[in-house]
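So this block is run-v5.pdb, PDB, N, CA and C atoms:
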```pdb
ATOM      1  N   MET A  42      17.476  43.589 -43.159
ATOM      2  CA  MET A  42      17.896  42.575 -42.203
ATOM      3  C   MET A  42      19.420  42.513 -42.188
ATOM      4  N   SER A  43      20.000  42.513 -41.021
ATOM      5  CA  SER A  43      21.455  42.440 -40.916
ATOM      6  C   SER A  43      21.912  40.988 -40.784
ATOM      7  N   ALA A  44      23.195  40.792 -41.028
ATOM      8  CA  ALA A  44      23.773  39.452 -40.943
ATOM      9  C   ALA A  44      23.769  38.979 -39.489
ATOM     10  N   PRO A  45      23.521  37.698 -39.255
ATOM     11  CA  PRO A  45      23.496  37.190 -37.883
ATOM     12  C   PRO A  45      24.876  37.102 -37.236
ATOM     13  N   ILE A  46      25.924  37.065 -38.057
ATOM     14  CA  ILE A  46      27.291  36.955 -37.548
ATOM     15  C   ILE A  46      28.003  38.265 -37.838
ATOM     16  N   VAL A  47      28.634  38.836 -36.813
ATOM     17  CA  VAL A  47      29.384  40.075 -36.992
ATOM     18  C   VAL A  47      30.807  39.844 -36.524
ATOM     19  N   VAL A  48      31.752  40.211 -37.367
ATOM     20  CA  VAL A  48      33.161  40.218 -36.997
ATOM     21  C   VAL A  48      33.512  41.691 -36.817
ATOM     22  N   HIS A  49      33.758  42.064 -35.569
ATOM     23  CA  HIS A  49      33.939  43.459 -35.211
ATOM     24  C   HIS A  49      35.351  43.945 -35.543
ATOM     25  N   GLY A  50      35.576  45.245 -35.366
ATOM     26  CA  GLY A  50      36.852  45.859 -35.703
ATOM     27  C   GLY A  50      38.022  45.282 -34.931
ATOM     28  N   LEU A  51      39.189  45.571 -35.429
ATOM     29  CA  LEU A  51      40.432  45.085 -34.823
ATOM     30  C   LEU A  51      40.608  45.631 -33.415
ATOM     31  N   SER A  52      41.071  44.772 -32.507
ATOM     32  CA  SER A  52      41.409  45.236 -31.159
ATOM     33  C   SER A  52      42.834  45.792 -31.183
ATOM     34  N   ALA A  53      43.182  46.559 -30.179
ATOM     35  CA  ALA A  53      44.520  47.164 -30.116
ATOM     36  C   ALA A  53      45.620  46.111 -30.020
ATOM     37  N   THR A  54      45.294  44.943 -29.494
ATOM     38  CA  THR A  54      46.293  43.883 -29.336
ATOM     39  C   THR A  54      46.206  42.819 -30.416
ATOM     40  N   GLY A  55      45.330  43.030 -31.377
ATOM     41  CA  GLY A  55      45.147  42.059 -32.439
ATOM     42  C   GLY A  55      43.937  41.190 -32.196
ATOM     43  N   GLY A  56      43.410  40.656 -33.246
ATOM     44  CA  GLY A  56      42.221  39.831 -33.162
ATOM     45  C   GLY A  56      40.963  40.660 -33.303
ATOM     46  N   ARG A  57      39.865  39.971 -33.527
ATOM     47  CA  ARG A  57      38.570  40.607 -33.712
ATOM     48  C   ARG A  57      37.510  39.837 -32.948
ATOM     49  N   ARG A  58      36.673  40.559 -32.238
ATOM     50  CA  ARG A  58      35.568  39.944 -31.507
ATOM     51  C   ARG A  58      34.537  39.486 -32.523
ATOM     52  N   ALA A  59      33.983  38.314 -32.288
ATOM     53  CA  ALA A  59      32.943  37.769 -33.154
ATOM     54  C   ALA A  59      31.678  37.569 -32.337
ATOM     55  N   THR A  60      30.545  37.937 -32.933
ATOM     56  CA  THR A  60      29.254  37.736 -32.272
ATOM     57  C   THR A  60      28.313  37.007 -33.213
ATOM     58  N   ILE A  61      27.444  36.224 -32.622
ATOM     59  CA  ILE A  61      26.371  35.554 -33.356
ATOM     60  C   ILE A  61      25.073  35.963 -32.694
ATOM     61  N   ASN A  62      24.207  36.604 -33.453
ATOM     62  CA  ASN A  62      22.939  37.120 -32.930
ATOM     63  C   ASN A  62      23.147  37.936 -31.658
ATOM     64  N   GLY A  63      24.196  38.750 -31.656
ATOM     65  CA  GLY A  63      24.474  39.646 -30.546
ATOM     66  C   GLY A  63      25.216  39.030 -29.374
ATOM     67  N   GLN A  64      25.474  37.740 -29.402
ATOM     68  CA  GLN A  64      26.188  37.058 -28.329
ATOM     69  C   GLN A  64      27.659  36.883 -28.705
ATOM     70  N   ILE A  65      28.547  37.307 -27.819
ATOM     71  CA  ILE A  65      29.979  37.156 -28.085
ATOM     72  C   ILE A  65      30.343  35.673 -28.077
ATOM     73  N   VAL A  66      31.034  35.245 -29.137
ATOM     74  CA  VAL A  66      31.466  33.844 -29.219
ATOM     75  C   VAL A  66      32.973  33.694 -29.091
ATOM     76  N   GLY A  67      33.714  34.798 -29.152
ATOM     77  CA  GLY A  67      35.148  34.706 -28.953
ATOM     78  C   GLY A  67      35.915  35.816 -29.662
ATOM     79  N   LEU A  68      37.218  35.791 -29.447
ATOM     80  CA  LEU A  68      38.146  36.715 -30.095
ATOM     81  C   LEU A  68      38.945  35.920 -31.123
ATOM     82  N   ALA A  69      38.651  36.166 -32.383
ATOM     83  CA  ALA A  69      39.322  35.438 -33.468
ATOM     84  C   ALA A  69      40.632  36.117 -33.814
ATOM     85  N   ARG A  70      41.686  35.337 -33.932
ATOM     86  CA  ARG A  70      42.990  35.863 -34.340
ATOM     87  C   ARG A  70      43.318  35.484 -35.784
ATOM     88  N   ASP A  71      42.454  34.646 -36.378
ATOM     89  CA  ASP A  71      42.570  34.291 -37.795
ATOM     90  C   ASP A  71      41.270  33.614 -38.221
ATOM     91  N   ASP A  72      41.159  33.312 -39.498
ATOM     92  CA  ASP A  72      39.935  32.680 -40.006
ATOM     93  C   ASP A  72      39.691  31.317 -39.365
ATOM     94  N   ARG A  73      40.746  30.600 -39.033
ATOM     95  CA  ARG A  73      40.559  29.286 -38.396
ATOM     96  C   ARG A  73      39.830  29.429 -37.072
ATOM     97  N   ASP A  74      40.188  30.451 -36.265
ATOM     98  CA  ASP A  74      39.475  30.688 -35.007
ATOM     99  C   ASP A  74      38.005  30.974 -35.276
ATOM    100  N   LEU A  75      37.744  31.855 -36.232
ATOM    101  CA  LEU A  75      36.371  32.215 -36.551
ATOM    102  C   LEU A  75      35.566  30.995 -36.984
ATOM    103  N   VAL A  76      36.130  30.194 -37.860
ATOM    104  CA  VAL A  76      35.453  28.985 -38.324
ATOM    105  C   VAL A  76      35.175  28.037 -37.160
ATOM    106  N   GLU A  77      36.099  27.920 -36.229
ATOM    107  CA  GLU A  77      35.882  27.061 -35.064
ATOM    108  C   GLU A  77      34.736  27.589 -34.204
ATOM    109  N   PHE A  78      34.653  28.896 -33.989
ATOM    110  CA  PHE A  78      33.531  29.469 -33.231
ATOM    111  C   PHE A  78      32.209  29.153 -33.921
ATOM    112  N   LEU A  79      32.178  29.285 -35.234
ATOM    113  CA  LEU A  79      30.959  29.025 -35.985
ATOM    114  C   LEU A  79      30.609  27.538 -35.981
ATOM    115  N   ARG A  80      31.619  26.692 -36.062
ATOM    116  CA  ARG A  80      31.388  25.241 -35.998
ATOM    117  C   ARG A  80      30.768  24.864 -34.650
ATOM    118  N   ARG A  81      31.290  25.454 -33.561
ATOM    119  CA  ARG A  81      30.739  25.185 -32.229
ATOM    120  C   ARG A  81      29.295  25.658 -32.103
ATOM    121  N   ALA A  82      28.940  26.658 -32.900
ATOM    122  CA  ALA A  82      27.568  27.175 -32.890
ATOM    123  C   ALA A  82      26.651  26.369 -33.817
ATOM    124  N   GLY A  83      27.205  25.334 -34.465
ATOM    125  CA  GLY A  83      26.392  24.464 -35.300
ATOM    126  C   GLY A  83      26.471  24.722 -36.789
ATOM    127  N   LEU A  84      27.387  25.575 -37.229
ATOM    128  CA  LEU A  84      27.541  25.871 -38.655
ATOM    129  C   LEU A  84      28.722  25.083 -39.213
ATOM    130  N   ASP A  85      28.455  23.873 -39.621
ATOM    131  CA  ASP A  85      29.517  22.997 -40.113
ATOM    132  C   ASP A  85      30.110  23.448 -41.437
ATOM    133  N   ASP A  86      29.379  24.264 -42.198
ATOM    134  CA  ASP A  86      29.869  24.744 -43.486
ATOM    135  C   ASP A  86      30.460  26.152 -43.374
ATOM    136  N   ALA A  87      31.042  26.468 -42.245
ATOM    137  CA  ALA A  87      31.503  27.828 -41.946
ATOM    138  C   ALA A  87      32.493  28.365 -42.981
ATOM    139  N   TRP A  88      33.391  27.541 -43.492
ATOM    140  CA  TRP A  88      34.345  28.023 -44.501
ATOM    141  C   TRP A  88      33.615  28.576 -45.722
ATOM    142  N   ASP A  89      32.464  28.001 -46.031
ATOM    143  CA  ASP A  89      31.725  28.397 -47.225
ATOM    144  C   ASP A  89      30.977  29.713 -47.075
ATOM    145  N   ILE A  90      30.781  30.190 -45.841
ATOM    146  CA  ILE A  90      29.983  31.410 -45.645
ATOM    147  C   ILE A  90      30.811  32.625 -45.234
ATOM    148  N   LEU A  91      32.121  32.486 -45.112
ATOM    149  CA  LEU A  91      32.946  33.595 -44.628
ATOM    150  C   LEU A  91      32.811  34.862 -45.472
ATOM    151  N   ASP A  92      32.546  34.725 -46.748
ATOM    152  CA  ASP A  92      32.430  35.891 -47.620
ATOM    153  C   ASP A  92      30.999  36.158 -48.078
ATOM    154  N   ASP A  93      30.043  35.549 -47.395
ATOM    155  CA  ASP A  93      28.634  35.730 -47.746
ATOM    156  C   ASP A  93      28.031  36.821 -46.859
ATOM    157  N   PRO A  94      27.710  37.997 -47.414
ATOM    158  CA  PRO A  94      27.194  39.102 -46.602
ATOM    159  C   PRO A  94      25.824  38.828 -45.983
ATOM    160  N   HIS A  95      25.132  37.794 -46.445
ATOM    161  CA  HIS A  95      23.873  37.412 -45.803
ATOM    162  C   HIS A  95      24.132  36.744 -44.454
ATOM    163  N   TRP A  96      25.314  36.172 -44.294
ATOM    164  CA  TRP A  96      25.685  35.482 -43.059
ATOM    165  C   TRP A  96      26.617  36.301 -42.173
ATOM    166  N   ILE A  97      27.634  36.926 -42.779
ATOM    167  CA  ILE A  97      28.686  37.584 -41.986
ATOM    168  C   ILE A  97      28.865  39.030 -42.417
ATOM    169  N   GLU A  98      28.896  39.909 -41.420
ATOM    170  CA  GLU A  98      29.216  41.317 -41.645
ATOM    171  C   GLU A  98      30.580  41.589 -41.021
ATOM    172  N   TRP A  99      31.504  42.072 -41.808
ATOM    173  CA  TRP A  99      32.842  42.433 -41.345
ATOM    174  C   TRP A  99      32.826  43.937 -41.058
ATOM    175  N   ARG A 100      33.011  44.325 -39.809
ATOM    176  CA  ARG A 100      32.963  45.739 -39.420
ATOM    177  C   ARG A 100      34.350  46.244 -39.027
ATOM    178  N   GLY A 101      34.589  47.501 -39.327
ATOM    179  CA  GLY A 101      35.779  48.169 -38.819
ATOM    180  C   GLY A 101      37.103  47.645 -39.327
ATOM    181  N   GLY A 102      37.138  47.146 -40.515
ATOM    182  CA  GLY A 102      38.386  46.645 -41.088
ATOM    183  C   GLY A 102      38.108  45.699 -42.229
ATOM    184  N   ARG A 103      39.133  45.396 -42.962
ATOM    185  CA  ARG A 103      38.992  44.487 -44.097
ATOM    186  C   ARG A 103      38.699  43.068 -43.630
ATOM    187  N   ALA A 104      37.931  42.377 -44.414
ATOM    188  CA  ALA A 104      37.629  40.963 -44.130
ATOM    189  C   ALA A 104      38.926  40.164 -44.087
ATOM    190  N   HIS A 105      38.980  39.213 -43.199
ATOM    191  CA  HIS A 105      40.090  38.264 -43.066
ATOM    192  C   HIS A 105      41.383  38.895 -42.539
ATOM    193  N   ARG A 106      41.323  40.085 -41.992
ATOM    194  CA  ARG A 106      42.514  40.739 -41.427
ATOM    195  C   ARG A 106      42.344  40.794 -39.912
ATOM    196  N   TYR A 107      43.350  40.343 -39.183
ATOM    197  CA  TYR A 107      43.257  40.215 -37.731
ATOM    198  C   TYR A 107      44.409  40.841 -36.970
ATOM    199  N   GLU A 108      45.390  41.392 -37.657
ATOM    200  CA  GLU A 108      46.571  41.927 -36.969
ATOM    201  C   GLU A 108      46.211  43.210 -36.202
ATOM    202  N   ALA A 109      47.061  43.546 -35.226
ATOM    203  CA  ALA A 109      46.835  44.711 -34.363
ATOM    204  C   ALA A 109      46.740  45.983 -35.182
ATOM    205  N   ALA A 110      45.887  46.861 -34.717
ATOM    206  CA  ALA A 110      45.676  48.152 -35.399
ATOM    207  C   ALA A 110      46.864  49.063 -35.186
TER
END
```
Turn this file's structure into C-alpha coordinates for me.
Amino acid sequence: MSAPIVVHGLSATGGRRATINGQIVGLARDDRDLVEFLRRAGLDDAWDILDDPHWIEWRGGRAHRYEAA
(Lines of atoms letter the chains of each structure in order from A and count residues from 1; the text may use other names and numbers.)
(Lines give C-alpha, C1' and ligand atoms only; values in the text may rest on other atoms or scores of the structure.)
Protein backbone atom coordinates (compact mmCIF):
# COMPACT_ATOMS: atom_id res chain seq x y z
CA MET A 1 0.00 0.00 0.00
CA SER A 2 1.38 3.41 -0.91
CA ALA A 3 1.13 6.58 1.12
CA PRO A 4 -2.02 8.64 0.48
CA ILE A 5 -0.02 11.89 0.32
CA VAL A 6 2.71 12.36 -2.28
CA VAL A 7 5.10 15.29 -2.45
CA HIS A 8 6.41 15.17 -6.00
CA GLY A 9 9.82 16.18 -7.36
CA LEU A 10 11.08 19.73 -7.53
CA SER A 11 9.73 21.93 -10.31
CA ALA A 12 12.13 23.95 -12.45
CA THR A 13 10.93 27.16 -10.79
CA GLY A 14 10.93 25.81 -7.26
CA GLY A 15 8.28 24.20 -5.14
CA ARG A 16 6.80 20.74 -5.21
CA ARG A 17 3.37 19.57 -6.28
CA ALA A 18 1.45 17.80 -3.54
CA THR A 19 -1.31 15.25 -4.08
CA ILE A 20 -3.70 13.52 -1.73
CA ASN A 21 -5.15 10.26 -3.05
CA GLY A 22 -4.11 11.31 -6.55
CA GLN A 23 -5.76 14.75 -6.40
CA ILE A 24 -3.52 17.81 -6.72
CA VAL A 25 -3.85 20.02 -3.64
CA GLY A 26 -1.27 22.65 -4.51
CA LEU A 27 2.33 23.65 -5.13
CA ALA A 28 4.21 23.78 -1.83
CA ARG A 29 7.17 26.13 -1.57
CA ASP A 30 7.95 25.09 2.02
CA ASP A 31 6.66 22.83 4.79
CA ARG A 32 4.23 25.52 5.95
CA ASP A 33 2.47 25.42 2.56
CA LEU A 34 2.30 21.64 2.68
CA VAL A 35 0.90 21.65 6.21
CA GLU A 36 -1.74 24.19 5.18
CA PHE A 37 -2.83 21.99 2.24
CA LEU A 38 -3.12 19.03 4.59
CA ARG A 39 -4.99 21.08 7.20
CA ARG A 40 -7.51 22.14 4.53
CA ALA A 41 -7.96 18.45 3.69
CA GLY A 42 -8.87 17.76 7.33
CA LEU A 43 -5.51 16.66 8.77
CA ASP A 44 -5.11 18.93 11.76
CA ASP A 45 -2.04 17.03 12.99
CA ALA A 46 -0.15 17.56 9.71
CA TRP A 47 3.11 18.67 11.37
CA ASP A 48 3.24 15.31 13.14
CA ILE A 49 2.99 13.22 9.95
CA LEU A 50 5.47 14.99 7.64
CA ASP A 51 8.11 12.31 8.23
CA ASP A 52 5.77 9.33 8.51
CA PRO A 53 6.16 7.13 5.39
CA HIS A 54 2.74 5.59 6.04
CA TRP A 55 1.23 9.03 5.35
CA ILE A 56 3.65 10.89 3.07
CA GLU A 57 5.89 9.76 0.23
CA TRP A 58 8.57 12.25 -0.83
CA ARG A 59 9.44 11.63 -4.51
CA GLY A 60 12.20 13.01 -6.67
CA GLY A 61 14.19 14.83 -4.03
CA ARG A 62 15.01 15.06 -0.38
CA ALA A 63 12.21 15.56 2.10
CA HIS A 64 11.60 19.17 3.15
CA ARG A 65 13.57 20.64 0.20
CA TYR A 66 11.67 22.98 -2.12
CA GLU A 67 14.24 25.14 -3.93
CA ALA A 68 14.52 25.15 -7.74
CA ALA A 69 16.33 22.25 -9.34
Q: For stretch 54-64 of chain A, work out the shell of residues within 6 Å, counting only C-alpha atoms and skipping chain neighbours fewer than 4 positions away, then give it as an MDAnalysis selection string.
A: chainID A and resid 45:50 68:70 107:109
**Q.** Between atom C of A:Arg73 and atom CA of A:Asp85 - distance in Å to one decimal
**A.**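 Distance between the two atoms: 12.5 Å.
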Q. Any idea what the distance is between atom CA of A:Trp96 and atom CA of A:Ser43?
A. 8.4 Å
(Q) Nearest residue to A:Arg100 out of A:Ala82, A:Leu75, A:Ala87, A:Leu51, using only N, CA and C atoms? (A)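 The answer is A:Leu51, which sits nearest to A:Arg100.
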Q. Could you work out how far atom CA of A:Asp71 lies from atom CA of A:Arg106, giving the answer in Å with one decimal?
A.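 Pair atom CA of A:Arg106 / atom CA of A:Asp71 returns 7.4 Å.
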Q | helix (DSSP H, G or I) residues, from DSSP on the backbone, in chain A, as a list in words | A |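 These are the residues in question: Asp72, Arg73, Asp74, Leu75, Val76, Glu77, Phe78, Leu79, Arg80, Arg81, Ala87, Trp88, Asp89 and Ile90 of chain A.
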Q: If you run DSSP over the backbone, which residues in chain A end up strand (DSSP E or B)? Put them as a PyMOL selection string.
A: chain A and resi 46-51+57-61+64-69+97-99
Using N, CA and C atoms, can you write the selected residues to a file as a PDB file, keeping the file's coordinate frame?
```pdb
ATOM      1  N   ILE A  46      25.924  37.065 -38.057  1.00  0.00           N
ATOM      2  CA  ILE A  46      27.291  36.955 -37.548  1.00  0.00           C
ATOM      3  C   ILE A  46      28.003  38.265 -37.838  1.00  0.00           C
ATOM      4  N   VAL A  47      28.634  38.836 -36.813  1.00  0.00           N
ATOM      5  CA  VAL A  47      29.384  40.075 -36.992  1.00  0.00           C
ATOM      6  C   VAL A  47      30.807  39.844 -36.524  1.00  0.00           C
ATOM      7  N   VAL A  48      31.752  40.211 -37.367  1.00  0.00           N
ATOM      8  CA  VAL A  48      33.161  40.218 -36.997  1.00  0.00           C
ATOM      9  C   VAL A  48      33.512  41.691 -36.817  1.00  0.00           C
ATOM     10  N   HIS A  49      33.758  42.064 -35.569  1.00  0.00           N
ATOM     11  CA  HIS A  49      33.939  43.459 -35.211  1.00  0.00           C
ATOM     12  C   HIS A  49      35.351  43.945 -35.543  1.00  0.00           C
ATOM     13  N   GLY A  50      35.576  45.245 -35.366  1.00  0.00           N
ATOM     14  CA  GLY A  50      36.852  45.859 -35.703  1.00  0.00           C
ATOM     15  C   GLY A  50      38.022  45.282 -34.931  1.00  0.00           C
ATOM     16  N   LEU A  51      39.189  45.571 -35.429  1.00  0.00           N
ATOM     17  CA  LEU A  51      40.432  45.085 -34.823  1.00  0.00           C
ATOM     18  C   LEU A  51      40.608  45.631 -33.415  1.00  0.00           C
ATOM     19  N   ARG A  57      39.865  39.971 -33.527  1.00  0.00           N
ATOM     20  CA  ARG A  57      38.570  40.607 -33.712  1.00  0.00           C
ATOM     21  C   ARG A  57      37.510  39.837 -32.948  1.00  0.00           C
ATOM     22  N   ARG A  58      36.673  40.559 -32.238  1.00  0.00           N
ATOM     23  CA  ARG A  58      35.568  39.944 -31.507  1.00  0.00           C
ATOM     24  C   ARG A  58      34.537  39.486 -32.523  1.00  0.00           C
ATOM     25  N   ALA A  59      33.983  38.314 -32.288  1.00  0.00           N
ATOM     26  CA  ALA A  59      32.943  37.769 -33.154  1.00  0.00           C
ATOM     27  C   ALA A  59      31.678  37.569 -32.337  1.00  0.00           C
ATOM     28  N   THR A  60      30.545  37.937 -32.933  1.00  0.00           N
ATOM     29  CA  THR A  60      29.254  37.736 -32.272  1.00  0.00           C
ATOM     30  C   THR A  60      28.313  37.007 -33.213  1.00  0.00           C
ATOM     31  N   ILE A  61      27.444  36.224 -32.622  1.00  0.00           N
ATOM     32  CA  ILE A  61      26.371  35.554 -33.356  1.00  0.00           C
ATOM     33  C   ILE A  61      25.073  35.963 -32.694  1.00  0.00           C
ATOM     34  N   GLN A  64      25.474  37.740 -29.402  1.00  0.00           N
ATOM     35  CA  GLN A  64      26.188  37.058 -28.329  1.00  0.00           C
ATOM     36  C   GLN A  64      27.659  36.883 -28.705  1.00  0.00           C
ATOM     37  N   ILE A  65      28.547  37.307 -27.819  1.00  0.00           N
ATOM     38  CA  ILE A  65      29.979  37.156 -28.085  1.00  0.00           C
ATOM     39  C   ILE A  65      30.343  35.673 -28.077  1.00  0.00           C
ATOM     40  N   VAL A  66      31.034  35.245 -29.137  1.00  0.00           N
ATOM     41  CA  VAL A  66      31.466  33.844 -29.219  1.00  0.00           C
ATOM     42  C   VAL A  66      32.973  33.694 -29.091  1.00  0.00           C
ATOM     43  N   GLY A  67      33.714  34.798 -29.152  1.00  0.00           N
ATOM     44  CA  GLY A  67      35.148  34.706 -28.953  1.00  0.00           C
ATOM     45  C   GLY A  67      35.915  35.816 -29.662  1.00  0.00           C
ATOM     46  N   LEU A  68      37.218  35.791 -29.447  1.00  0.00           N
ATOM     47  CA  LEU A  68      38.146  36.715 -30.095  1.00  0.00           C
ATOM     48  C   LEU A  68      38.945  35.920 -31.123  1.00  0.00           C
ATOM     49  N   ALA A  69      38.651  36.166 -32.383  1.00  0.00           N
ATOM     50  CA  ALA A  69      39.322  35.438 -33.468  1.00  0.00           C
ATOM     51  C   ALA A  69      40.632  36.117 -33.814  1.00  0.00           C
ATOM     52  N   ILE A  97      27.634  36.926 -42.779  1.00  0.00           N
ATOM     53  CA  ILE A  97      28.686  37.584 -41.986  1.00  0.00           C
ATOM     54  C   ILE A  97      28.865  39.030 -42.417  1.00  0.00           C
ATOM     55  N   GLU A  98      28.896  39.909 -41.420  1.00  0.00           N
ATOM     56  CA  GLU A  98      29.216  41.317 -41.645  1.00  0.00           C
ATOM     57  C   GLU A  98      30.580  41.589 -41.021  1.00  0.00           C
ATOM     58  N   TRP A  99      31.504  42.072 -41.808  1.00  0.00           N
ATOM     59  CA  TRP A  99      32.842  42.433 -41.345  1.00  0.00           C
ATOM     60  C   TRP A  99      32.826  43.937 -41.058  1.00  0.00           C
TER      61      TRP A  99
END
```
(Q) My list of candidates is A:Ala44, A:Asp72, A:Arg80, A:Ser52. Which is closest to A:Gly101 when distances are computed with only C-alpha atoms? (A) A:Ser52
